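A quick write-up on the structure given underneath.
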Amino acid sequence: MKPIDDARRVETAFFRRGFLAGAAGLLATPALAQAPLAAPGTPGGQPIIDVPGAQRNPIPIAITGLSGSPGGVDVGGVVSADLARCGLFRPLGEAGFAADAATTPNFQNWRASGAHALVTGQVTGTDPLRVEFRLWDVLQGTQIQGTAYTTTAANWRRIAHIVADVVYERLVGEKGYFDTRIVYVAASGRRGSQSKRLAIMDQDSANNRILTDGSWLVLTPRFNPVRDQIAFMSYANNRPRVYLFDLGTGRQTTFGEFEGMSFAPRFSPDGGSCILSVTRGGGSDIFVVDAATHAARRLTSSGSIDTSPCYSPDGSQIVFNSDRGGDQQLYIMGAGGGGARRISYGHGRYATPVWSPRGDLIAFTRLSGGTFAIGVMAPDGSGERILSESFSVEGPTFAPNGRVLMFCRETQAHDSSGSGYSARLVSIDITGFNERQVPTGSDASDPAWSPLNA
């Protein structure tokens with residue numbers, strides 16, 4: 001088996017070149033106490049904004065009373081940044097008006113400022129910290145939400161993300177995604193000999209931490225949906241295989257023993273098992289491995305290259321890519337294996353499929369005419385849409401609400417020294433709206449979005 005050129009990720013190496021054809025841990029987040037302040041003001045909790053309209057004209061929202069609080073925490077600033085980054089809101093800041101968190105605002109003044117929605121609040125105490133906020137519909141003059149949280153001072157940023165999630169959910173009508181993390185591969189050094197390490201950060205790039213020391217190449221990290229654990233591929237001790245990383249202890253262990261190389265792991269929705277690919281002869285098969293016992297069972301035996309498996313949200317089906325039909329395409333089979341049916345019929349080769357948490361879309365990487373693209377299609381293969389194209393884009397991952405994708409974009413090197421090359425994380429709405437770079441502080445690839453934090 002030939003080595004991976006330039007340490008390309010195993011999942012897509014054959015997609016580009018026909019490859020397979022021939023300690024630091026995260027401490028657990030402290031618990032928080034939550035208390036309602038008043039009943040919601042919108043009947044049935046119905047959303048009050050139209051998402052397509054907000055994409056064209058972001059909703060003006062004012063946020064006041066949550067900044068400049070004891071200890072220097074800026075809850076309002078984080079809430080404002082979260083809402084602005086999603087592209088559906090245009091934060092106005094304080095807008096020159098004070099607002100007592102415990103009283104009804106002067107809606108006439110806030111309407112004059114242009115605000116359609118308003119967040120008022122206050123932060124009190126030092127440790128523990130109490131964050132109280134109320135969400136108002138300025139145009140209707142009603143309160144939509146009122147909640148207070150009490151937690152440790154070190155947890156203030158997470159409280160801010162939770163507030164932003166509440167605002168997003170009440171106004172948009174779907175779950176937020178701000179109280180989440182991203183695990184990815186951080187790369188440093190000269191192109192062609194980069195050190196690649198596991199890294200993790202909050203979705204807004206804060207609290208960025210390196211998890212491994214770079215002694216061995218790491219690729220394709222994936223979150224366990226129910227445990228603080230990551231599955232990934234590593235070349236540790238020159239044996240390419242899947243490992244588990246415990247975020248609480250920093251401990252790293254092998255996941256299953258196979259004669260061939262194991263790679264492309266992804267957990268089941270309940271976290272009880274993990275599907276992955278294992279090389280066998282000139283191809284690769286998909287296996288399911290029990291998370292507790294590590295007992296393995298083979299799901300495919302086509303004699304071809306079957307890889308990049310991903311469960312449907314209900315765990316009943318698996319999407320994967322395979323060259324069993326002569327070219328690399330996407331297939332769906334039952335979770336028990338067998339009955340695979342092809343779903344991709346566009347122009348080009350398809351890889352790295354991932355099922356939306358909503359169940360309505362499958363995202364993928366496509367290579368066609370020398371151009372890479374990130375796209376989505378329905379699980380039956382209909383409605384294929386390309387969201388972003390470039391010299392190199394790959395490895396999509398969904399936010400837990402299914403609204404946003406993140407992927408890696410690479411730029412082409414100018415010369416053999418690697419000048420001009422970069423690898424960056426990028427996020428985009430599933431409609432192709434609001435594409436933006438995600439700061440990481442170094443080259444980055446292989447992103448995976450966590451579920452909403454518990």
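Ordering of the structure tokens sets the chain letters (A, B, ...), residue numbers begin anew at 1 in every chain, and ligands are numbered from 1 in the order given.
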Please provide as a PyMOL selection string all residues within 8 Å of region 351-356 of chain A, with the sequence filter that same-chain residues fewer than 4 positions apart are discarded (counting only C-alpha atoms).
-> chain A and resi 11-12+15+308-313+319-321+328-330+360-366+394-398+402
Quick one: residues within 7 Å of Asp246 (chain A), only C-alpha atoms counted, chain neighbours fewer than 4 positions away excluded, as a PyMOL selection string?
-> chain A and resi 228-230+250-252
Write to file, as an mmCIF file, in the first residue's frame, the residues of the selection just made, with N, CA and C atoms.
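So the final result, stored in selection10.cif, reads:
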```cif
data_model
loop_
_atom_site.group_PDB
_atom_site.id
_atom_site.type_symbol
_atom_site.label_atom_id
_atom_site.label_comp_id
_atom_site.auth_asym_id
_atom_site.auth_seq_id
_atom_site.Cartn_x
_atom_site.Cartn_y
_atom_site.Cartn_z
ATOM 1 N N ASP A 228 -17.944 12.362 26.708
ATOM 2 C CA ASP A 228 -16.887 13.325 26.408
ATOM 3 C C ASP A 228 -15.694 12.574 25.823
ATOM 4 N N GLN A 229 -15.862 12.163 24.596
ATOM 5 C CA GLN A 229 -14.918 11.234 23.982
ATOM 6 C C GLN A 229 -14.850 11.502 22.481
ATOM 7 N N ILE A 230 -13.657 11.310 21.929
ATOM 8 C CA ILE A 230 -13.439 11.521 20.504
ATOM 9 C C ILE A 230 -12.823 10.267 19.901
ATOM 10 N N GLY A 250 -7.707 12.803 29.197
ATOM 11 C CA GLY A 250 -6.620 12.895 28.228
ATOM 12 C C GLY A 250 -6.076 11.541 27.818
ATOM 13 N N ARG A 251 -6.701 10.468 28.284
ATOM 14 C CA ARG A 251 -6.216 9.129 27.978
ATOM 15 C C ARG A 251 -6.563 8.739 26.543
ATOM 16 N N GLN A 252 -5.628 8.074 25.874
ATOM 17 C CA GLN A 252 -5.788 7.656 24.492
ATOM 18 C C GLN A 252 -5.665 6.141 24.404
#
```
Residues flagged strand (DSSP E or B) by DSSP in region 104-228 of chain A, as a compact mmCIF listing (two decimals) with N, CA and C atoms, in the first residue's frame:
```txt
# COMPACT_ATOMS: atom_id res chain seq x y z
N ALA A 117 -36.21 43.38 18.06
CA ALA A 117 -36.16 42.53 19.25
C ALA A 117 -35.18 43.14 20.23
N LEU A 118 -35.35 42.81 21.50
CA LEU A 118 -34.53 43.41 22.55
C LEU A 118 -34.22 42.36 23.61
N VAL A 119 -32.96 42.33 24.04
CA VAL A 119 -32.54 41.52 25.16
C VAL A 119 -32.10 42.46 26.27
N THR A 120 -32.76 42.38 27.42
CA THR A 120 -32.32 43.14 28.59
C THR A 120 -31.86 42.15 29.66
N GLY A 121 -31.05 42.61 30.57
CA GLY A 121 -30.58 41.69 31.60
C GLY A 121 -29.64 42.33 32.57
N GLN A 122 -29.10 41.50 33.44
CA GLN A 122 -28.09 41.95 34.38
C GLN A 122 -27.27 40.75 34.83
N VAL A 123 -26.04 41.04 35.20
CA VAL A 123 -25.13 40.02 35.73
C VAL A 123 -24.75 40.45 37.13
N THR A 124 -24.99 39.60 38.10
CA THR A 124 -24.70 39.95 39.49
C THR A 124 -23.86 38.86 40.14
N LEU A 129 -22.02 33.22 39.90
CA LEU A 129 -22.47 34.31 39.04
C LEU A 129 -23.94 34.08 38.70
N ARG A 130 -24.72 35.15 38.72
CA ARG A 130 -26.12 35.05 38.30
C ARG A 130 -26.33 35.90 37.05
N VAL A 131 -26.84 35.28 36.01
CA VAL A 131 -27.14 35.98 34.76
C VAL A 131 -28.64 35.92 34.54
N GLU A 132 -29.26 37.09 34.51
CA GLU A 132 -30.71 37.19 34.30
C GLU A 132 -30.95 37.92 32.99
N PHE A 133 -31.83 37.38 32.15
CA PHE A 133 -32.13 38.08 30.90
C PHE A 133 -33.61 37.92 30.53
N ARG A 134 -34.09 38.89 29.77
CA ARG A 134 -35.44 38.86 29.21
C ARG A 134 -35.36 39.20 27.72
N LEU A 135 -36.14 38.48 26.93
CA LEU A 135 -36.22 38.71 25.49
C LEU A 135 -37.57 39.33 25.17
N TRP A 136 -37.55 40.44 24.41
CA TRP A 136 -38.76 41.20 24.13
C TRP A 136 -38.98 41.32 22.62
N ASP A 137 -40.24 41.26 22.21
CA ASP A 137 -40.65 41.62 20.86
C ASP A 137 -40.98 43.11 20.89
N THR A 142 -44.18 42.94 23.68
CA THR A 142 -44.44 41.81 24.58
C THR A 142 -43.13 41.12 24.96
N GLN A 143 -43.17 40.46 26.13
CA GLN A 143 -42.03 39.65 26.55
C GLN A 143 -42.16 38.25 25.96
N ILE A 144 -41.07 37.74 25.43
CA ILE A 144 -41.06 36.41 24.82
C ILE A 144 -40.46 35.38 25.77
N GLN A 145 -39.44 35.77 26.52
CA GLN A 145 -38.74 34.83 27.38
C GLN A 145 -38.14 35.57 28.56
N GLY A 146 -38.07 34.89 29.70
CA GLY A 146 -37.37 35.43 30.86
C GLY A 146 -36.75 34.30 31.64
N THR A 147 -35.43 34.31 31.79
CA THR A 147 -34.73 33.19 32.44
C THR A 147 -33.54 33.73 33.21
N ALA A 148 -33.20 33.04 34.32
CA ALA A 148 -32.01 33.37 35.09
C ALA A 148 -31.16 32.11 35.26
N TYR A 149 -29.84 32.28 35.21
CA TYR A 149 -28.90 31.17 35.39
C TYR A 149 -27.93 31.51 36.51
N THR A 150 -27.60 30.51 37.30
CA THR A 150 -26.58 30.67 38.33
C THR A 150 -25.52 29.60 38.13
N THR A 151 -24.26 30.02 38.10
CA THR A 151 -23.17 29.07 37.85
C THR A 151 -21.87 29.66 38.37
N ARG A 181 -19.01 22.72 20.63
CA ARG A 181 -17.57 22.74 20.42
C ARG A 181 -17.23 22.15 19.04
N ILE A 182 -16.03 22.43 18.60
CA ILE A 182 -15.50 21.89 17.35
C ILE A 182 -14.20 21.18 17.66
N VAL A 183 -14.07 19.92 17.24
CA VAL A 183 -12.78 19.25 17.28
C VAL A 183 -12.24 19.24 15.86
N TYR A 184 -10.94 19.42 15.71
CA TYR A 184 -10.35 19.51 14.37
C TYR A 184 -8.88 19.11 14.44
N VAL A 185 -8.23 19.10 13.29
CA VAL A 185 -6.81 18.80 13.22
C VAL A 185 -6.06 20.11 12.97
N ALA A 186 -5.21 20.49 13.92
CA ALA A 186 -4.39 21.70 13.82
C ALA A 186 -3.04 21.33 13.22
N ALA A 187 -2.62 22.06 12.20
CA ALA A 187 -1.37 21.77 11.52
C ALA A 187 -0.40 22.92 11.66
N SER A 188 0.87 22.61 11.87
CA SER A 188 1.91 23.63 11.96
C SER A 188 3.16 23.13 11.29
N SER A 195 3.30 19.12 11.37
CA SER A 195 2.87 18.38 12.55
C SER A 195 1.37 18.56 12.66
N LYS A 196 0.64 17.46 12.84
CA LYS A 196 -0.82 17.52 12.91
C LYS A 196 -1.28 16.98 14.26
N ARG A 197 -2.02 17.82 14.97
CA ARG A 197 -2.45 17.50 16.34
C ARG A 197 -3.95 17.69 16.49
N LEU A 198 -4.54 16.89 17.35
CA LEU A 198 -5.94 17.10 17.68
C LEU A 198 -6.09 18.41 18.45
N ALA A 199 -7.14 19.15 18.13
CA ALA A 199 -7.43 20.40 18.83
C ALA A 199 -8.94 20.51 19.03
N ILE A 200 -9.32 21.30 20.01
CA ILE A 200 -10.74 21.50 20.30
C ILE A 200 -10.96 22.95 20.70
N MET A 201 -12.11 23.48 20.34
CA MET A 201 -12.44 24.87 20.68
C MET A 201 -13.95 25.01 20.74
N ASP A 202 -14.41 26.11 21.35
CA ASP A 202 -15.82 26.45 21.29
C ASP A 202 -16.17 26.84 19.86
N ARG A 209 -7.80 24.61 22.47
CA ARG A 209 -6.82 23.78 23.17
C ARG A 209 -6.26 22.72 22.25
N ILE A 210 -4.99 22.43 22.39
CA ILE A 210 -4.35 21.33 21.69
C ILE A 210 -4.42 20.09 22.58
N VAL A 218 -2.50 12.64 13.01
CA VAL A 218 -3.87 12.35 13.40
C VAL A 218 -4.82 12.87 12.33
N LEU A 219 -5.95 12.20 12.16
CA LEU A 219 -6.90 12.55 11.13
C LEU A 219 -8.33 12.24 11.60
N THR A 220 -9.29 12.87 10.97
CA THR A 220 -10.73 12.59 11.07
C THR A 220 -11.26 12.37 12.48
N PRO A 221 -11.13 13.33 13.39
CA PRO A 221 -11.74 13.18 14.72
C PRO A 221 -13.26 13.28 14.65
N ARG A 222 -13.94 12.52 15.53
CA ARG A 222 -15.40 12.53 15.59
C ARG A 222 -15.86 12.46 17.05
N PHE A 223 -16.85 13.26 17.41
CA PHE A 223 -17.39 13.27 18.77
C PHE A 223 -18.28 12.05 19.03
```
Nearest residue to Arg158 (chain A) from the set A:Tyr331, A:Tyr177, A:Trp449, A:Phe372 (distances using only C-alpha atoms) =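 Of all the options, A:Tyr177 lies closest to Arg158 (chain A).
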For CA of Gly71 (chain A) and CA of Cys86 (chain A), determine how far apart the two atoms are, in Å to one decimal place.
-> 27.8 Å
Using only C-alpha atoms, which of A:Ala413, A:Leu139, A:Val172, A:Ile318 sits nearest Arg341 (chain A)?
-> A:Ile318
Within 9 Å of Glu174 (chain A), counting only C-alpha atoms, which residues show up once you throw out same-chain ones fewer than 5 positions away? Write them as a list in words, please.
->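 So, after excluding close chain neighbours, the residues are Pro47, Tyr168, Glu169, Asn401 and Arg403 of chain A.
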Using only C-alpha atoms, the shortest atom-to-atom distance to Gly114 (chain A) among A:Pro70, A:Pro60, A:Gly432, A:Pro128 belongs to A:Pro60
